[in-house]
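One structure is given here, and the rest of the page talks about it.
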Amino acid sequence: MELNSSSVSRRLARPTFRRGSLSAHKRKASLGFADVGLFFVSVFFLSAVIRIAVHSHVLDQATADTPPLVLQTAISLFLISSLHLAVRLRHGPRAWALLGWTRPHNLYLCVALAGGIGLGMAVDFVARATTATSHFIHFTDLLLLDIVLGPLVEESFFRGCLLPVLARTMGSRTAILGAAALFATLHPVKTAVQWGCFAFAGIAYGWMRVKSGSTIPSAVMHAVYNAALYACQILSAVNIS
């Protein structure tokens with residue numbers, strides 16, 4: 001299916017409201033680069049706090065480099081709260097709708113489920129063919145971080161906030177690629193292949209966001225993708241044993 005850049009960009013630039021007539025202010029409300037900037041301010045603030053904690057010996061460097069589940073959960077909650085607060089302060093109470101958290105057509109949810117499984121299997125195959133070792137995902141991390149908080153935070157920002165802003169200024173195709181590139185770059189990758197896997201996944205999530213007009217399908221695909229990677233690891237461990 002070919003993307004219509006102009007129509008999709010207009011759809012992404014504003015939230016989909018279900019209720020009747022809205023005021024002119026609400027109809028014109030849309031996210032902008034200021035919202036993206038405010039989110040990065042919160043990221044830099046959090047990074048500074050962690051750095052100060054390490055220098056003050058409140059937190060050791062090893063914990064900062066590889067945060068335990070509790071700290072990762074706290075970081076994720078801080079980031080999603082900061083993003084929501086920034087959008088709410090600038091645009092009013094419909095922050096979640098502006099971030100794309102509106103109900104999509106059920107077809108896109110089905111596509112997201114199937115796509116997440118296929119994407120996870122494909123990336124697992126590429127990873128095993130190109131990487132000597134594989135990082136094992138713990139089940140508790142999978143449930144809380146990889147299925148719930150990770151997709152919530154990352155899709156809210158990359159596909160819910162950044163992608164619509166880019167789409168309004170440079171078109172949907174470029175916005176999908178740009179958001180996916182930044183998504184991959186901000187992940188701790190060690191090889192070009194790993195970066196490419198993250199970027200390809202980001203493109204798939206962005207495509208779901210553009211086609212459905214909602215962040216929910218991209219978040220579902222993201223969560224299912226992570227679960228599929230975990231399932232592939234379990235199946236591989238069983239076959240080896």
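Labels for the structure tokens follow display order: chains A, B, ..., residues from 1 in each chain, ligands from 1.
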
Check which residues of segment 65-125 of chain A sit at most 8 Å from segment 200-210 of chain A using only C-alpha atoms, and return one row each with the closest pair of atoms and their distance in Å to one decimal, ordered by chain and rising number, as a tab-separated table.
residue	atom	partner	partner_atom	distance
A:Tyr108	CA	A:Met208	CA	7.5
A:Ala112	CA	A:Met208	CA	7.3
A:Leu119	CA	A:Ala201	CA	7.2

For the residues in that selection, give me N, CA and C atoms as an mmCIF file, in the first residue's frame.
data_model
loop_
_atom_site.group_PDB
_atom_site.id
_atom_site.type_symbol
_atom_site.label_atom_id
_atom_site.label_comp_id
_atom_site.auth_asym_id
_atom_site.auth_seq_id
_atom_site.Cartn_x
_atom_site.Cartn_y
_atom_site.Cartn_z
ATOM 1 N N TYR A 108 -6.114 -2.917 12.276
ATOM 2 C CA TYR A 108 -4.728 -2.519 12.528
ATOM 3 C C TYR A 108 -4.157 -3.226 13.754
ATOM 4 N N ALA A 112 -0.908 -5.485 13.681
ATOM 5 C CA ALA A 112 0.156 -5.240 14.652
ATOM 6 C C ALA A 112 0.573 -6.532 15.343
ATOM 7 N N LEU A 119 8.136 -9.856 12.805
ATOM 8 C CA LEU A 119 9.310 -9.000 12.976
ATOM 9 C C LEU A 119 10.262 -9.569 14.028
#

- [ ] Would you list the contacts of Ala86 of chain A as a PyMOL selection string, taking every protein, DNA or RNA residue within 12 Å and counting only C-alpha atoms, but skipping same-chain residues closer than 5 positions in sequence?
- [x] chain A and resi 31-42+79-81+91-96+98-99+157+161

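Near segment 143-154 of chain A, within 7 Å and counting only C-alpha atoms, sit A:Ser76, A:Leu79, A:Ile80, A:Phe139, A:Thr140, A:Phe157, A:Phe158, A:Ala219, A:His222, A:Ala223, A:Asn226, A:Ala227; same-chain residues fewer than 3 positions away were not included.
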
Write a file of the just-selected residues containing C-alpha atoms, as a CSV table (one decimal), in the first residue's frame.
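So the final result, stored in result.csv, reads:
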chain,number,residue,atom,x,y,z
A,76,SER,CA,10.5,4.8,32.6
A,79,LEU,CA,10.0,9.8,31.3
A,80,ILE,CA,6.4,9.1,30.4
A,139,PHE,CA,10.8,-12.9,32.4
A,140,THR,CA,10.1,-10.1,34.9
A,157,PHE,CA,7.6,9.8,22.2
A,158,PHE,CA,9.0,8.5,18.9
A,219,ALA,CA,2.8,0.0,20.7
A,222,HIS,CA,6.4,-3.2,19.7
A,223,ALA,CA,5.2,-5.2,22.7
A,226,ASN,CA,9.6,-8.0,22.3
A,227,ALA,CA,7.6,-11.0,23.4

TODO: Excluding Ala228 of chain A and residues on its chain fewer than 5 positions from it, collect all residues at most 7 Å away from it, counting only C-alpha atoms, and give them as a ChimeraX atom specification.
DONE: /A:117,120-121
